[in-house]
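K.L.:
What follows is my_file-v5.cif; its format and atoms are mmCIF, C-alpha atoms and all ligand atoms.
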data_protein
#
loop_
_atom_site.label_atom_id
_atom_site.label_comp_id
_atom_site.auth_asym_id
_atom_site.auth_seq_id
_atom_site.Cartn_x
_atom_site.Cartn_y
_atom_site.Cartn_z
CA MET A 8 0.00 0.00 0.00
CA ALA A 9 1.56 3.31 -1.05
CA GLY A 10 0.93 6.57 0.77
CA SER A 11 -1.48 9.09 -0.71
CA GLY A 12 -0.21 12.18 1.12
CA LYS A 13 1.46 15.22 -0.40
CA PHE A 14 5.26 15.06 -0.66
CA PHE A 15 6.87 16.61 2.44
CA VAL A 16 10.41 17.89 2.87
CA GLY A 17 11.73 19.18 6.17
CA GLY A 18 15.08 20.83 6.86
CA ASN A 19 16.43 20.21 10.34
CA TRP A 20 19.08 22.84 10.93
CA LYS A 21 19.99 21.27 14.30
CA CYS A 22 22.32 23.39 16.49
CA ASN A 23 23.83 25.28 13.57
CA GLY A 24 23.89 28.87 12.38
CA THR A 25 24.42 32.49 13.24
CA LYS A 26 22.22 35.49 12.49
CA ASP A 27 24.33 36.06 9.36
CA SER A 28 24.26 32.47 8.08
CA VAL A 29 20.52 32.23 8.77
CA SER A 30 19.97 35.43 6.81
CA LYS A 31 21.97 34.04 3.86
CA LEU A 32 20.09 30.72 3.91
CA VAL A 33 16.71 32.50 4.04
CA THR A 34 17.75 34.63 1.06
CA GLU A 35 18.67 31.48 -0.88
CA LEU A 36 15.39 29.77 0.01
CA ASN A 37 13.33 32.82 -0.91
CA ALA A 38 15.03 32.90 -4.33
CA ALA A 39 14.64 29.18 -5.04
CA THR A 40 12.09 27.85 -7.52
CA LEU A 41 10.14 25.15 -5.72
CA GLU A 42 7.73 22.60 -7.13
CA PRO A 43 4.21 23.53 -5.97
CA ASP A 44 3.03 20.11 -4.80
CA VAL A 45 5.40 19.75 -1.85
CA ASP A 46 4.94 20.77 1.78
CA VAL A 47 8.18 22.41 2.91
CA VAL A 48 9.18 23.06 6.51
CA VAL A 49 12.43 24.29 8.06
CA ALA A 50 13.46 23.88 11.69
CA PRO A 51 15.89 26.54 12.89
CA PRO A 52 17.27 26.65 16.44
CA PHE A 53 14.70 28.26 18.79
CA ILE A 54 16.53 31.59 18.99
CA TYR A 55 16.40 32.10 15.21
CA ILE A 56 12.76 31.10 14.68
CA ASP A 57 11.50 34.66 14.97
CA GLN A 58 14.15 35.93 12.53
CA VAL A 59 13.21 33.18 10.06
CA LYS A 60 9.47 33.76 10.48
CA SER A 61 9.85 37.45 9.72
CA SER A 62 12.10 37.03 6.68
CA LEU A 63 11.22 33.69 5.03
CA THR A 64 8.59 33.32 2.32
CA ASP A 65 5.20 32.02 3.54
CA ARG A 66 5.67 29.19 1.03
CA ILE A 67 7.85 27.50 3.66
CA GLU A 68 6.54 26.71 7.15
CA VAL A 69 8.63 26.78 10.30
CA SER A 70 9.22 24.06 12.88
CA ALA A 71 10.86 23.90 16.28
CA GLN A 72 13.32 21.12 17.08
CA ASN A 73 11.86 20.40 20.51
CA VAL A 74 9.10 21.53 22.86
CA TRP A 75 8.20 21.22 26.53
CA ILE A 76 5.93 18.34 27.55
CA GLY A 77 3.05 20.48 28.82
CA LYS A 78 1.87 23.96 29.60
CA GLY A 79 4.61 26.52 30.26
CA GLY A 80 5.58 27.72 33.71
CA ALA A 81 8.52 27.15 36.05
CA TYR A 82 10.59 24.99 33.66
CA THR A 83 13.94 26.72 33.26
CA GLY A 84 15.34 26.53 29.77
CA GLU A 85 12.22 25.10 28.17
CA ILE A 86 9.92 26.46 25.43
CA SER A 87 6.20 25.66 25.47
CA ALA A 88 3.83 24.76 22.66
CA GLU A 89 1.82 27.89 23.51
CA GLN A 90 4.94 29.97 22.88
CA LEU A 91 5.52 28.26 19.52
CA VAL A 92 1.96 29.13 18.54
CA ASP A 93 2.49 32.70 19.74
CA ILE A 94 5.35 33.28 17.29
CA GLY A 95 3.63 31.47 14.42
CA CYS A 96 5.67 28.26 14.55
CA GLN A 97 3.33 25.49 13.33
CA TRP A 98 5.49 22.36 13.65
CA VAL A 99 7.80 20.56 16.05
CA ILE A 100 10.26 17.71 15.52
CA LEU A 101 9.95 15.10 18.29
CA GLY A 102 11.76 11.83 18.98
CA HIS A 103 14.84 12.77 16.98
CA SER A 104 17.65 10.28 17.58
CA GLU A 105 19.93 13.01 18.89
CA ARG A 106 17.40 13.77 21.62
CA ARG A 107 16.76 10.07 22.31
CA HIS A 108 20.39 8.95 22.40
CA ILE A 109 22.39 12.04 23.41
CA ILE A 110 19.88 13.82 25.67
CA GLY A 111 18.20 10.62 26.90
CA GLU A 112 14.53 11.30 26.11
CA ASP A 113 12.51 8.08 26.36
CA ASP A 114 9.50 6.80 24.43
CA GLU A 115 6.90 7.80 26.99
CA PHE A 116 8.26 11.34 27.42
CA ILE A 117 8.34 11.81 23.64
CA GLY A 118 4.80 10.45 23.23
CA LYS A 119 3.47 12.84 25.86
CA LYS A 120 5.24 15.77 24.22
CA ALA A 121 3.59 14.84 20.92
CA ALA A 122 0.14 14.66 22.49
CA TYR A 123 0.51 18.03 24.19
CA ALA A 124 1.87 19.76 21.08
CA LEU A 125 -1.03 18.40 19.01
CA SER A 126 -3.51 19.55 21.65
CA GLN A 127 -2.20 23.09 21.06
CA ASN A 128 -2.43 22.71 17.26
CA VAL A 129 1.31 22.35 16.77
CA LYS A 130 1.90 19.68 14.12
CA VAL A 131 4.42 16.93 14.83
CA ILE A 132 7.26 15.39 12.85
CA ALA A 133 7.54 12.12 14.80
CA CYS A 134 10.97 10.50 14.39
CA ILE A 135 11.82 6.83 14.74
CA GLY A 136 14.83 4.73 13.79
CA GLU A 137 17.19 1.97 14.84
CA LEU A 138 20.83 1.99 15.91
CA LEU A 139 23.39 0.13 13.79
CA GLU A 140 23.69 -2.70 16.34
CA GLU A 141 19.91 -3.06 16.38
CA ARG A 142 19.84 -3.38 12.58
CA GLU A 143 22.70 -5.88 12.66
CA ALA A 144 20.83 -7.90 15.30
CA GLY A 145 17.76 -8.04 13.04
CA LYS A 146 15.75 -5.81 15.38
CA THR A 147 14.97 -2.91 13.04
CA PHE A 148 11.22 -3.55 12.86
CA ASP A 149 10.96 -4.30 16.60
CA VAL A 150 12.63 -1.00 17.47
CA CYS A 151 10.61 1.06 15.00
CA PHE A 152 7.31 -0.55 16.04
CA LYS A 153 8.07 0.03 19.73
CA GLN A 154 8.77 3.71 19.02
CA MET A 155 5.61 3.92 16.91
CA LYS A 156 3.57 2.32 19.71
CA ALA A 157 4.75 4.98 22.15
CA PHE A 158 3.50 7.66 19.76
CA ALA A 159 0.26 5.74 19.15
CA ASP A 160 -0.37 5.38 22.89
CA SER A 161 -0.49 9.18 23.17
CA ILE A 162 -1.63 10.46 19.78
CA THR A 163 -5.28 10.57 18.76
CA ASN A 164 -5.11 13.16 15.97
CA TRP A 165 -2.87 11.64 13.28
CA ALA A 166 -3.93 14.18 10.63
CA ASP A 167 -1.28 16.57 11.96
CA VAL A 168 1.54 14.03 12.18
CA VAL A 169 4.32 13.17 9.74
CA VAL A 170 6.45 10.12 10.58
CA ALA A 171 10.18 10.40 9.87
CA TYR A 172 12.15 7.16 9.60
CA GLU A 173 15.74 8.07 10.36
CA PRO A 174 18.07 5.10 10.88
CA VAL A 175 20.62 6.33 13.41
CA TRP A 176 23.54 4.82 11.48
CA ALA A 177 22.62 6.99 8.47
CA ILE A 178 22.38 10.32 10.30
CA GLY A 179 25.30 12.63 9.64
CA THR A 180 27.46 9.71 8.50
CA GLY A 181 27.23 9.99 4.72
CA LYS A 182 25.95 6.37 4.77
CA VAL A 183 22.49 6.83 3.29
CA ALA A 184 20.06 3.90 3.48
CA THR A 185 19.54 2.30 0.09
CA PRO A 186 16.15 3.04 -1.47
CA GLU A 187 15.29 -0.64 -0.84
CA GLN A 188 16.28 -0.48 2.84
CA ALA A 189 14.21 2.66 3.40
CA GLN A 190 11.24 1.36 1.39
CA GLU A 191 11.22 -1.88 3.40
CA VAL A 192 10.91 -0.05 6.73
CA HIS A 193 8.45 2.56 5.42
CA ALA A 194 6.16 -0.19 4.10
CA ALA A 195 6.41 -2.06 7.42
CA VAL A 196 5.58 1.09 9.41
CA ARG A 197 2.62 1.81 7.15
CA ASP A 198 1.42 -1.75 7.65
CA TRP A 199 1.89 -1.39 11.41
CA LEU A 200 -0.29 1.75 11.33
CA LYS A 201 -2.93 -0.09 9.32
CA THR A 202 -3.17 -2.82 11.94
CA ASN A 203 -2.66 -0.75 15.07
CA VAL A 204 -4.20 2.64 14.27
CA SER A 205 -6.42 2.53 11.17
CA PRO A 206 -6.29 1.86 7.41
CA ASP A 207 -7.19 5.52 6.78
CA VAL A 208 -4.27 6.83 8.83
CA ALA A 209 -1.94 4.29 7.22
CA SER A 210 -2.77 5.43 3.70
CA SER A 211 -2.93 9.17 4.31
CA ILE A 212 0.06 9.69 6.63
CA ARG A 213 3.36 10.88 5.19
CA ILE A 214 6.35 8.65 6.05
CA ILE A 215 9.51 10.54 5.21
CA TYR A 216 13.12 9.34 5.21
CA GLY A 217 16.07 11.02 6.93
CA GLY A 218 19.77 10.22 7.15
CA SER A 219 22.44 11.57 4.77
CA VAL A 220 19.92 12.65 2.15
CA ASN A 221 21.59 14.97 -0.35
CA ALA A 222 21.05 16.55 -3.75
CA ALA A 223 22.62 13.54 -5.47
CA ASN A 224 20.78 10.66 -3.79
CA CYS A 225 17.28 12.12 -3.24
CA ALA A 226 15.82 11.30 -6.66
CA GLU A 227 16.34 7.53 -6.37
CA LEU A 228 14.89 7.48 -2.85
CA ALA A 229 11.89 9.60 -3.87
CA LYS A 230 10.89 7.03 -6.50
CA LYS A 231 10.02 4.44 -3.85
CA GLU A 232 6.29 4.17 -3.32
CA ASP A 233 6.28 4.46 0.47
CA ILE A 234 8.84 7.29 0.68
CA ASP A 235 6.71 10.43 0.93
CA GLY A 236 9.53 12.92 1.34
CA PHE A 237 12.59 13.65 3.44
CA LEU A 238 13.91 15.06 6.69
CA VAL A 239 17.24 16.62 5.82
CA GLY A 240 20.04 17.68 8.14
CA GLY A 241 23.36 18.84 6.68
CA ALA A 242 22.13 19.39 3.12
CA SER A 243 19.31 21.63 4.36
CA LEU A 244 21.90 24.23 5.36
CA LYS A 245 22.65 24.86 1.66
CA GLY A 246 19.74 26.57 -0.08
CA PRO A 247 20.30 25.23 -3.61
CA ASP A 248 20.84 21.64 -2.37
CA PHE A 249 17.72 21.80 -0.21
CA ALA A 250 15.75 23.10 -3.19
CA THR A 251 16.98 20.17 -5.30
CA ILE A 252 15.78 17.77 -2.60
CA ILE A 253 12.37 19.48 -2.45
CA ASN A 254 12.10 19.27 -6.22
CA SER A 255 12.90 15.53 -6.24
CA VAL A 256 9.11 15.16 -6.10
CA THR A 257 9.37 15.27 -9.92
CA SER A 258 11.14 11.89 -9.99
CA LYS A 259 8.33 10.49 -7.84
CA LYS A 260 5.78 11.67 -10.38
CA VAL A 261 7.72 10.01 -13.20
CA ALA A 262 7.95 6.75 -11.24
CA ALA A 263 4.24 6.72 -10.39
P1 LIG B 1 21.74 14.41 7.99
O1 LIG B 1 20.93 14.71 6.76
O2 LIG B 1 22.78 15.44 8.29
O3 LIG B 1 22.26 12.99 7.96
O4 LIG B 1 20.72 14.48 9.23
C1 LIG B 1 19.50 13.83 9.14
C2 LIG B 1 18.68 14.22 10.29
O5 LIG B 1 18.96 13.88 11.43
C3 LIG B 1 17.48 15.05 10.04
O6 LIG B 1 16.68 15.15 11.18
#
Show me the file's structure as structure tokens.
Ligand code: 13P
P.N.:
Amino acid sequence: MAGSGKFFVGGNWKCNGTKDSVSKLVTELNAATLEPDVDVVVAPPFIYIDQVKSSLTDRIEVSAQNVWIGKGGAYTGEISAEQLVDIGCQWVILGHSERRHIIGEDDEFIGKKAAYALSQNVKVIACIGELLEEREAGKTFDVCFKQMKAFADSITNWADVVVAYEPVWAIGTGKVATPEQAQEVHAAVRDWLKTNVSPDVASSIRIIYGGSVNAANCAELAKKEDIDGFLVGGASLKGPDFATIINSVTSKKVAA
């Protein structure tokens, strides 16, 4: 079963940038010619979101890279979903491997964050993915399904969720998953959603791939029927490369 959702490309800028480099990247993105039938979102560090919101074309939506688990208050260093809404930030990335494995966020914490963000009308890019040793031990599906279950235990409104499959061994390593490897997991996750959430959610949800996606490898990945777009790290910091990845939707249309 292939997905029926609109192609989606997100740029995760991670902990990169300065006011000057952000300004340059926004200028490049504003000048880029983008295919119309793609949802495009960029995720700057919190402190640059306002700068990006006020200078970036409305064609591209803005995401945070994290959010607090509930309503704001006495939580030093945190940013609440209400505050994201206040500055016009419509998306948040949750469950990213760097937050799972470096910061130590667990499944339940991530699921609750997703539920609270959705309750405030902040849409969620829900990330899953296995470590290299988990793949080598044949546990890729087990790990991804367990992470999906934690999201499913908390999420009721799947219309505002995009799932990002990002194998940890492919993130920032230059070792992109093959189109077949990504397709296999995307199809399995879609099937898991069909059984455990609903056939409607399974067919309409976007399942995007992340991990060393670049301007050269995106077209082959985009052709796969269950790959509905990308979550891009390093290559999203270069405007022309990010535009090429967005426009890889054209190779999907040819393949269809
Ligand atoms: P890279 O594209 O740099 O591998 O990062 C992927 C990623 O983690 C996007 O969230």
K.L.:
In Å, rounded to a single decimal, give me how far CA of Asp160 in chain A is from CA of Ile212 in chain A.
P.N.:
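CA of Ile212 in chain A sits 16.8 Å away from CA of Asp160 in chain A.
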K.L.:
What residues have any atom no more than 6 Å from ligand LIG 1 (chain B) when counting only C-alpha atoms and all ligand atoms, and can you list them as an MDAnalysis selection string?
P.N.:
chainID A and resid 19 178:179 217:220 238:241
K.L.:
By how many Å are CA of Ile117 in chain A and CA of Gly102 in chain A apart?
P.N.:
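A separation of 5.8 Å between them.
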K.L.:
Pick from A:Ser30, A:Asn73, A:Gln127, A:Ser243: nearest to Asp167 in chain A, with all atoms listed in the file counted?
P.N.:
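Looking at the shortest contact to Asp167 in chain A, the residue is A:Gln127.
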K.L.:
Find the distance between CA of Ser211 in chain A and CA of Ala133 in chain A and write it in Å to one decimal.
P.N.:
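Result for CA of Ser211 in chain A versus CA of Ala133 in chain A: 15.1 Å, one decimal.
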K.L.:
Hey, what's within 12 Å of Val192 in chain A if we count all atoms listed in the file and toss same-chain stuff fewer than 4 positions away? As a VMD selection string, please?
P.N.:
chain A and resid 135 to 137 142 146 to 152 170 to 174 184 to 188 196 to 199 214 to 216 231 to 234
